[in-house]
>>> print(open('run24.txt').read())   # compact mmCIF, C-alpha atoms
# COMPACT_ATOMS: atom_id res chain seq x y z
CA MET A 1 -6.88 22.94 -13.95
CA LYS A 2 -9.35 24.62 -16.30
CA ASP A 3 -12.72 23.24 -17.13
CA SER A 4 -12.05 22.53 -20.78
CA GLU A 5 -14.56 20.27 -22.52
CA ASN A 6 -12.58 19.75 -25.74
CA LEU A 7 -10.72 16.68 -24.64
CA SER A 8 -9.28 14.08 -26.94
CA ALA A 9 -9.59 10.43 -25.93
CA GLN A 10 -5.89 10.40 -25.12
CA GLN A 11 -6.20 13.52 -22.92
CA SER A 12 -9.09 11.93 -21.03
CA LEU A 13 -7.05 8.82 -20.47
CA ASP A 14 -4.08 10.89 -19.28
CA ILE A 15 -6.25 12.70 -16.73
CA ILE A 16 -7.67 9.44 -15.41
CA THR A 17 -4.28 7.73 -15.04
CA SER A 18 -2.56 10.76 -13.52
CA MET A 19 -5.35 11.31 -10.96
CA ILE A 20 -5.50 7.63 -9.99
CA ASP A 21 -1.74 7.81 -9.55
CA GLN A 22 -2.07 10.91 -7.34
CA ALA A 23 -4.70 9.24 -5.19
CA LYS A 24 -2.51 6.22 -4.57
CA GLY A 25 -0.83 8.55 -2.11
CA ASN A 26 1.61 7.28 0.40
CA VAL A 27 0.54 3.89 1.61
CA GLN A 28 4.15 3.78 2.78
CA ARG A 29 3.25 5.91 5.81
CA ASN A 30 2.21 2.59 7.36
CA SER A 31 5.92 1.84 7.79
CA PHE A 32 5.78 3.83 11.05
CA TYR A 33 3.72 1.14 12.79
CA PHE A 34 5.87 -1.72 11.54
CA LEU A 35 9.02 0.00 12.79
CA LEU A 36 7.56 1.03 16.16
CA TRP A 37 6.11 -2.40 16.89
CA GLY A 38 9.03 -4.21 15.29
CA TRP A 39 11.50 -2.61 17.72
CA VAL A 40 9.24 -2.81 20.77
CA VAL A 41 8.53 -6.52 20.27
CA VAL A 42 12.14 -7.39 19.37
CA LEU A 43 13.33 -5.67 22.57
CA ALA A 44 10.61 -7.37 24.64
CA ASN A 45 11.52 -10.79 23.20
CA LEU A 46 15.24 -10.30 23.75
CA GLY A 47 14.57 -8.90 27.23
CA MET A 48 12.43 -11.90 28.11
CA PHE A 49 15.09 -14.29 26.77
CA THR A 50 17.81 -12.55 28.81
CA LEU A 51 15.71 -12.56 32.01
CA SER A 52 14.91 -16.26 31.47
CA MET A 53 18.61 -17.04 31.11
CA LEU A 54 19.24 -15.13 34.36
CA HIS A 55 16.52 -17.31 35.98
CA TYR A 56 14.45 -14.26 36.87
CA LYS A 57 11.10 -15.41 38.27
CA HIS A 58 8.83 -13.24 36.12
CA PRO A 59 10.61 -12.70 32.80
CA TYR A 60 7.34 -11.73 31.06
CA ILE A 61 7.32 -8.47 33.06
CA VAL A 62 9.37 -6.99 30.20
CA TRP A 63 6.21 -7.03 28.04
CA THR A 64 4.89 -4.06 30.00
CA ILE A 65 6.99 -1.93 27.59
CA THR A 66 4.20 -2.55 25.08
CA ILE A 67 1.80 -0.40 27.16
CA PRO A 68 3.38 2.95 26.17
CA ALA A 69 3.63 1.60 22.60
CA TRP A 70 -0.13 0.95 22.59
CA LEU A 71 -0.82 4.41 23.92
CA TYR A 72 1.46 6.01 21.34
CA THR A 73 -0.14 3.93 18.55
CA LEU A 74 -3.60 5.14 19.59
CA TYR A 75 -2.40 8.76 19.74
CA HIS A 76 -0.58 8.53 16.38
CA SER A 77 -3.48 6.87 14.54
CA PHE A 78 -5.94 9.43 15.96
CA LYS A 79 -3.67 12.30 14.97
CA SER A 80 -3.01 11.01 11.45
CA SER A 81 -6.73 10.37 10.90
CA THR A 82 -7.47 14.03 11.64
CA ASP A 83 -4.54 15.25 9.49
CA LYS A 84 -5.56 13.12 6.54
CA THR A 85 -7.61 14.77 3.81
CA ALA A 86 -8.50 11.58 1.94
CA THR A 87 -9.24 8.05 3.10
CA SER A 88 -8.21 5.29 0.76
CA HIS A 89 -9.94 1.90 0.50
CA PHE A 90 -6.76 0.40 1.88
CA ASP A 91 -6.85 2.65 4.98
CA ARG A 92 -10.26 1.29 5.92
CA ILE A 93 -9.47 -2.38 5.34
CA SER A 94 -6.09 -2.00 6.98
CA ALA A 95 -7.56 -0.38 10.10
CA ALA A 96 -10.15 -3.17 10.43
CA LEU A 97 -7.50 -5.83 9.93
CA TRP A 98 -5.11 -4.49 12.58
CA ILE A 99 -7.87 -3.72 15.09
CA CYS A 100 -9.09 -7.34 14.76
CA TYR A 101 -5.50 -8.49 15.21
CA ALA A 102 -5.06 -6.35 18.33
CA ILE A 103 -8.29 -7.74 19.81
CA CYS A 104 -7.14 -11.32 19.11
CA ILE A 105 -3.75 -10.67 20.75
CA PHE A 106 -5.41 -9.03 23.76
CA THR A 107 -7.75 -12.03 24.14
CA LEU A 108 -4.83 -14.46 23.88
CA VAL A 109 -2.87 -12.58 26.54
CA VAL A 110 -5.87 -12.45 28.93
CA PHE A 111 -6.56 -16.18 28.56
CA GLY A 112 -2.89 -17.13 28.23
CA TYR A 113 -3.05 -19.05 31.52
CA LYS A 114 -5.46 -21.52 29.87
CA ILE A 115 -2.73 -22.59 27.47
CA ASN A 116 0.08 -22.46 30.00
CA TYR A 117 1.35 -19.16 28.56
CA GLN A 118 2.61 -20.90 25.41
CA LEU A 119 1.75 -17.65 23.66
CA GLY A 120 4.81 -16.95 21.52
CA PRO A 121 4.19 -19.38 18.65
CA VAL A 122 0.40 -18.80 18.74
CA ILE A 123 0.88 -15.03 18.41
CA LEU A 124 3.36 -15.56 15.56
CA ILE A 125 0.83 -17.71 13.69
CA VAL A 126 -1.95 -15.13 14.25
CA SER A 127 0.45 -12.41 12.98
CA VAL A 128 0.61 -14.13 9.59
CA LEU A 129 -2.87 -12.89 8.65
CA PRO A 130 -2.63 -9.08 8.95
CA THR A 131 0.99 -9.02 7.76
CA PHE A 132 0.48 -11.17 4.67
CA ILE A 133 -2.82 -9.50 3.73
CA SER A 134 -1.37 -5.99 4.20
CA GLY A 135 1.42 -7.04 1.86
CA MET A 136 -1.17 -8.24 -0.66
CA ILE A 137 -3.17 -5.01 -0.51
CA LEU A 138 -0.08 -2.78 -0.68
CA ARG A 139 1.30 -5.01 -3.44
CA PHE A 140 4.47 -5.05 -1.38
CA LYS A 141 6.19 -8.43 -1.58
CA PRO A 142 8.63 -8.05 1.36
CA LEU A 143 5.64 -7.78 3.71
CA MET A 144 4.06 -10.90 2.21
CA ILE A 145 7.36 -12.73 2.66
CA GLY A 146 7.42 -11.32 6.23
CA GLY A 147 4.04 -12.99 6.79
CA ILE A 148 5.47 -16.30 5.60
CA PHE A 149 8.40 -15.85 8.01
CA PHE A 150 5.92 -15.48 10.89
CA TRP A 151 4.38 -18.78 9.89
CA ILE A 152 7.78 -20.54 9.65
CA PHE A 153 8.98 -19.14 13.00
CA GLY A 154 5.61 -20.00 14.56
CA ILE A 155 6.22 -23.64 13.64
CA ILE A 156 9.84 -23.45 14.85
CA GLY A 157 8.56 -21.86 18.09
CA PHE A 158 6.25 -24.83 18.74
CA LEU A 159 9.21 -27.18 18.37
CA LEU A 160 11.52 -25.21 20.67
CA PRO A 161 11.66 -25.28 24.50
CA THR A 162 9.74 -22.39 26.09
CA TYR A 163 12.76 -20.25 27.02
CA MET A 164 13.98 -20.33 23.40
CA GLN A 165 10.59 -19.27 21.98
CA SER A 166 11.24 -15.59 22.65
CA LEU A 167 14.41 -15.83 20.58
CA ALA A 168 12.41 -17.28 17.66
CA GLY A 169 9.94 -14.43 18.21
CA ALA A 170 12.70 -11.81 17.96
CA VAL A 171 14.05 -13.24 14.70
CA ALA A 172 10.52 -13.54 13.30
CA ILE A 173 9.81 -9.86 14.05
CA LEU A 174 13.09 -8.87 12.45
CA CYS A 175 12.10 -10.66 9.22
CA GLY A 176 8.37 -9.97 9.42
CA TYR A 177 8.19 -6.32 10.53
CA LEU A 178 11.56 -4.61 10.71
CA ILE A 179 13.10 -5.53 7.35
CA PRO A 180 9.85 -4.93 5.37
CA GLY A 181 9.20 -1.81 7.52
CA TYR A 182 12.54 -0.23 6.59
CA MET A 183 12.08 -1.21 2.93
CA LEU A 184 8.65 0.45 2.98
CA LYS A 185 10.11 3.57 4.60
CA ASN A 186 12.91 3.82 2.04
CA LYS A 187 10.38 3.38 -0.74
CA ARG A 188 8.65 6.51 0.55
CA GLU A 189 11.87 8.51 0.54
CA GLU A 190 12.68 7.55 -3.07
CA MET B 191 -20.69 3.52 -34.38
CA PHE B 192 -19.26 4.92 -31.17
CA ASN B 193 -21.28 5.67 -28.09
CA ASP B 194 -21.21 9.30 -27.07
CA LEU B 195 -19.07 10.10 -24.08
CA ASP B 196 -21.00 11.27 -21.02
CA PRO B 197 -20.81 15.10 -21.31
CA LEU B 198 -20.85 15.39 -17.54
CA LEU B 199 -17.62 13.42 -17.29
CA HIS B 200 -16.05 14.64 -20.52
CA SER B 201 -14.65 17.75 -18.91
CA GLN B 202 -11.16 18.11 -17.55
CA LEU B 203 -11.92 19.01 -13.95
CA ARG B 204 -14.99 16.82 -13.45
CA LEU B 205 -13.15 13.84 -14.93
CA ALA B 206 -10.17 14.51 -12.66
CA VAL B 207 -12.45 14.68 -9.60
CA MET B 208 -14.20 11.44 -10.55
CA SER B 209 -10.85 9.69 -11.18
CA LEU B 210 -9.67 10.74 -7.72
CA LEU B 211 -12.88 9.73 -6.01
CA ILE B 212 -12.98 6.31 -7.69
CA SER B 213 -9.57 5.62 -6.17
CA VAL B 214 -10.36 6.56 -2.57
CA GLU B 215 -13.04 5.88 0.02
CA SER B 216 -13.66 9.59 0.57
CA ALA B 217 -11.77 12.84 0.08
CA GLU B 218 -11.95 16.32 1.51
CA PHE B 219 -12.42 19.43 -0.59
CA THR B 220 -8.85 20.54 0.15
CA PHE B 221 -7.47 17.21 -1.13
CA LEU B 222 -9.41 17.51 -4.40
CA LYS B 223 -8.37 21.14 -4.80
CA GLU B 224 -4.70 20.35 -4.22
CA LYS B 225 -4.59 17.29 -6.51
CA THR B 226 -6.51 18.89 -9.38
CA LYS B 227 -4.72 22.26 -8.96
CA SER B 228 -8.06 24.01 -9.41
CA THR B 229 -9.51 27.12 -7.82
CA ALA B 230 -11.96 26.73 -4.94
CA GLY B 231 -14.71 28.49 -6.87
CA ASN B 232 -14.44 26.37 -9.99
CA LEU B 233 -14.11 23.13 -8.05
CA SER B 234 -17.16 24.02 -6.00
CA VAL B 235 -19.25 24.55 -9.14
CA GLN B 236 -18.11 21.26 -10.68
CA LEU B 237 -18.76 19.34 -7.47
CA ASP B 238 -22.30 20.72 -7.42
CA LYS B 239 -22.86 19.49 -10.99
CA LEU B 240 -21.59 16.01 -10.15
CA SER B 241 -23.63 15.95 -6.98
CA GLU B 242 -26.83 17.06 -8.74
CA ALA B 243 -26.34 14.20 -11.23
CA GLY B 244 -26.08 11.81 -8.31
CA TYR B 245 -22.52 10.81 -9.24
CA ILE B 246 -21.00 11.93 -5.95
CA ARG B 247 -22.11 12.47 -2.38
CA VAL B 248 -21.10 15.73 -0.73
CA GLU B 249 -21.25 15.91 3.04
CA LYS B 250 -20.75 19.12 4.94
CA SER B 251 -19.66 19.04 8.55
CA PHE B 252 -17.30 20.78 10.93
CA ARG B 253 -13.83 19.95 12.23
CA GLY B 254 -13.62 22.07 15.32
CA LYS B 255 -14.87 25.42 14.08
CA LYS B 256 -13.75 24.93 10.49
CA PRO B 257 -16.30 23.82 7.90
CA LEU B 258 -15.40 20.52 6.28
CA THR B 259 -16.62 19.24 2.90
CA THR B 260 -16.14 15.54 2.26
CA CYS B 261 -16.91 13.90 -1.08
CA SER B 262 -17.31 10.29 -2.07
CA ILE B 263 -18.41 8.54 -5.25
CA THR B 264 -21.87 6.91 -5.44
CA LYS B 265 -22.84 3.63 -7.13
CA LYS B 266 -24.36 5.66 -9.94
CA GLY B 267 -21.08 7.55 -10.25
CA ILE B 268 -19.04 4.34 -10.41
CA LYS B 269 -21.34 3.03 -13.17
CA ALA B 270 -21.06 6.30 -15.11
CA PHE B 271 -17.28 6.29 -14.76
CA GLU B 272 -17.03 2.68 -15.95
CA ASP B 273 -19.27 3.41 -18.94
CA TYR B 274 -17.16 6.46 -19.75
CA VAL B 275 -13.93 4.44 -19.67
CA ASN B 276 -15.49 1.67 -21.79
CA ASN B 277 -16.66 4.19 -24.37
CA LEU B 278 -13.25 5.81 -24.30
CA LYS B 279 -11.68 2.47 -25.19
CA GLN B 280 -13.61 2.46 -28.45
CA TYR B 281 -12.03 5.78 -29.41
CA ILE B 282 -8.55 4.64 -28.43
CA ASN B 283 -8.84 1.36 -30.34
CA LYS B 284 -10.20 3.08 -33.43
>>> encode(input="run24.txt", output="structure tokens")
Amino acid sequence: MKDSENLSAQQSLDIITSMIDQAKGNVQRNSFYFLLWGWVVVLANLGMFTLSMLHYKHPYIVWTITIPAWLYTLYHSFKSSTDKTATSHFDRISAALWICYAICIFTLVVFGYKINYQLGPVILIVSVLPTFISGMILRFKPLMIGGIFFWIFGIIGFLLPTYMQSLAGAVAILCGYLIPGYMLKNKREE
Amino acid sequence: MFNDLDPLLHSQLRLAVMSLLISVESAEFTFLKEKTKSTAGNLSVQLDKLSEAGYIRVEKSFRGKKPLTTCSITKKGIKAFEDYVNNLKQYINK
């Protein structure tokens, strides 16, 4: 790009719109986290449901598979933050939103015994916030609809017996993370 | 009567840089260079001009041993960009 100063109004406008378009970048890279966590949580929910059906004493043990997922998330977000040459407004808000969410989930898990480990529906309801708001910021409707699914399955979860809650959780994650996550990923490949 | 367009922004490369910076929180020199398809030397000169006018903030640091230049738009820069776009509208709607 040369440093020409003889710009027409239309040329100026073209520069502005094309640069803003360039800077929009690939918000779709966020699909990685939705897919990783979507699969991990679906497997954990289904695993817990299966172990409950088999009358295993500690079915929640299956949730330990989230530990490597946490570690990988930390590693991946650190690595992508050093690879990135520009930080969008969305990146900052999104990071704050999901860190707050992670802290809330951690707190709920630690104090789960206070609410008799009826965590499934509570976590689903808390998941509405970051999912729906991410969808709003990305202007990506499937994610907003995913947020609404979390809310619906949270309510269903409260109405179901405990052993069935993990099944509601698995379906909620499928609608709330996995389907929007794959749609976001395919959008990137377009 | 049309308002004059800010000469500092009415230049291809400086306008491109400002349009990029208004869209992001911050951007590295390499990002600006790649998106504007400019040369390092020219970009450097234009960044200095924008920085001297107080339109952008340029921070120099290191990533490992490599020098790192990060730019972000200032409040003054946002105001100047908005004024520029508003003045531009008058020309478009003429």
>>> interface_residues(input="run24.txt", of="chain A", to="chain B", cutoff="9 Å", atoms="all atoms listed in the file", output="JSON, numbers by chain")
{"A": [1, 2, 3, 4, 5, 6, 7, 9, 10, 11, 12, 13, 15, 16, 17, 18, 19, 20, 21, 22, 23, 24, 82, 84, 85, 86, 87, 88, 89, 90, 91, 92]}
>>> closest_residue(input="run24.txt", among="B:Glu224, B:Thr264, B:Ser234, B:Glu272", to="Arg247 (chain B)", atoms="all atoms listed in the file")
B:Thr264
>>> residues_near_point(input="run24.txt", point="(9.0, -6.6, 20.1)", cutoff="9 Å", atoms="only C-alpha atoms", output="VMD selection string")
chain A and resid 36 to 46 63 66 169 to 170 173 to 174
>>> residues_around(input="run24.txt", residues="Leu35 (chain A)", least_positions_apart="4", cutoff="12 Å", atoms="all atoms listed in the file", output="ChimeraX atom specification")
/A:28-31,39-42,69,73,173-185
>>> closest_residue(input="run24.txt", among="A:Ser134, A:Thr50, A:Asn116, A:Lys141", to="Trp98 (chain A)", atoms="only C-alpha atoms")
A:Ser134
>>> axis_aligned_box(input="run24.txt", around="region 48-54 of chain A", padding_each_side="5 Å", output="lines of an AutoDock Vina configuration file")
center_x = 15.8
center_y = -14.5
center_z = 30.6
size_x = 16.8
size_y = 15.1
size_z = 17.6
>>> atom_distance(input="run24.txt", atom1="CA of Tyr101 (chain A)", atom2="CA of Ile123 (chain A)")
9.7 Å
>>> closest_residue(input="run24.txt", among="A:Thr131, A:Thr162, A:Ser94, A:Thr64", to="Ile148 (chain A)", atoms="only C-alpha atoms")
A:Thr131
>>> atom_distance(input="run24.txt", atom1="CA of Leu143 (chain A)", atom2="CA of Val122 (chain A)")
19.4 Å
>>> atom_distance(input="run24.txt", atom1="CA of Phe34 (chain A)", atom2="CA of His58 (chain A)")
27.3 Å
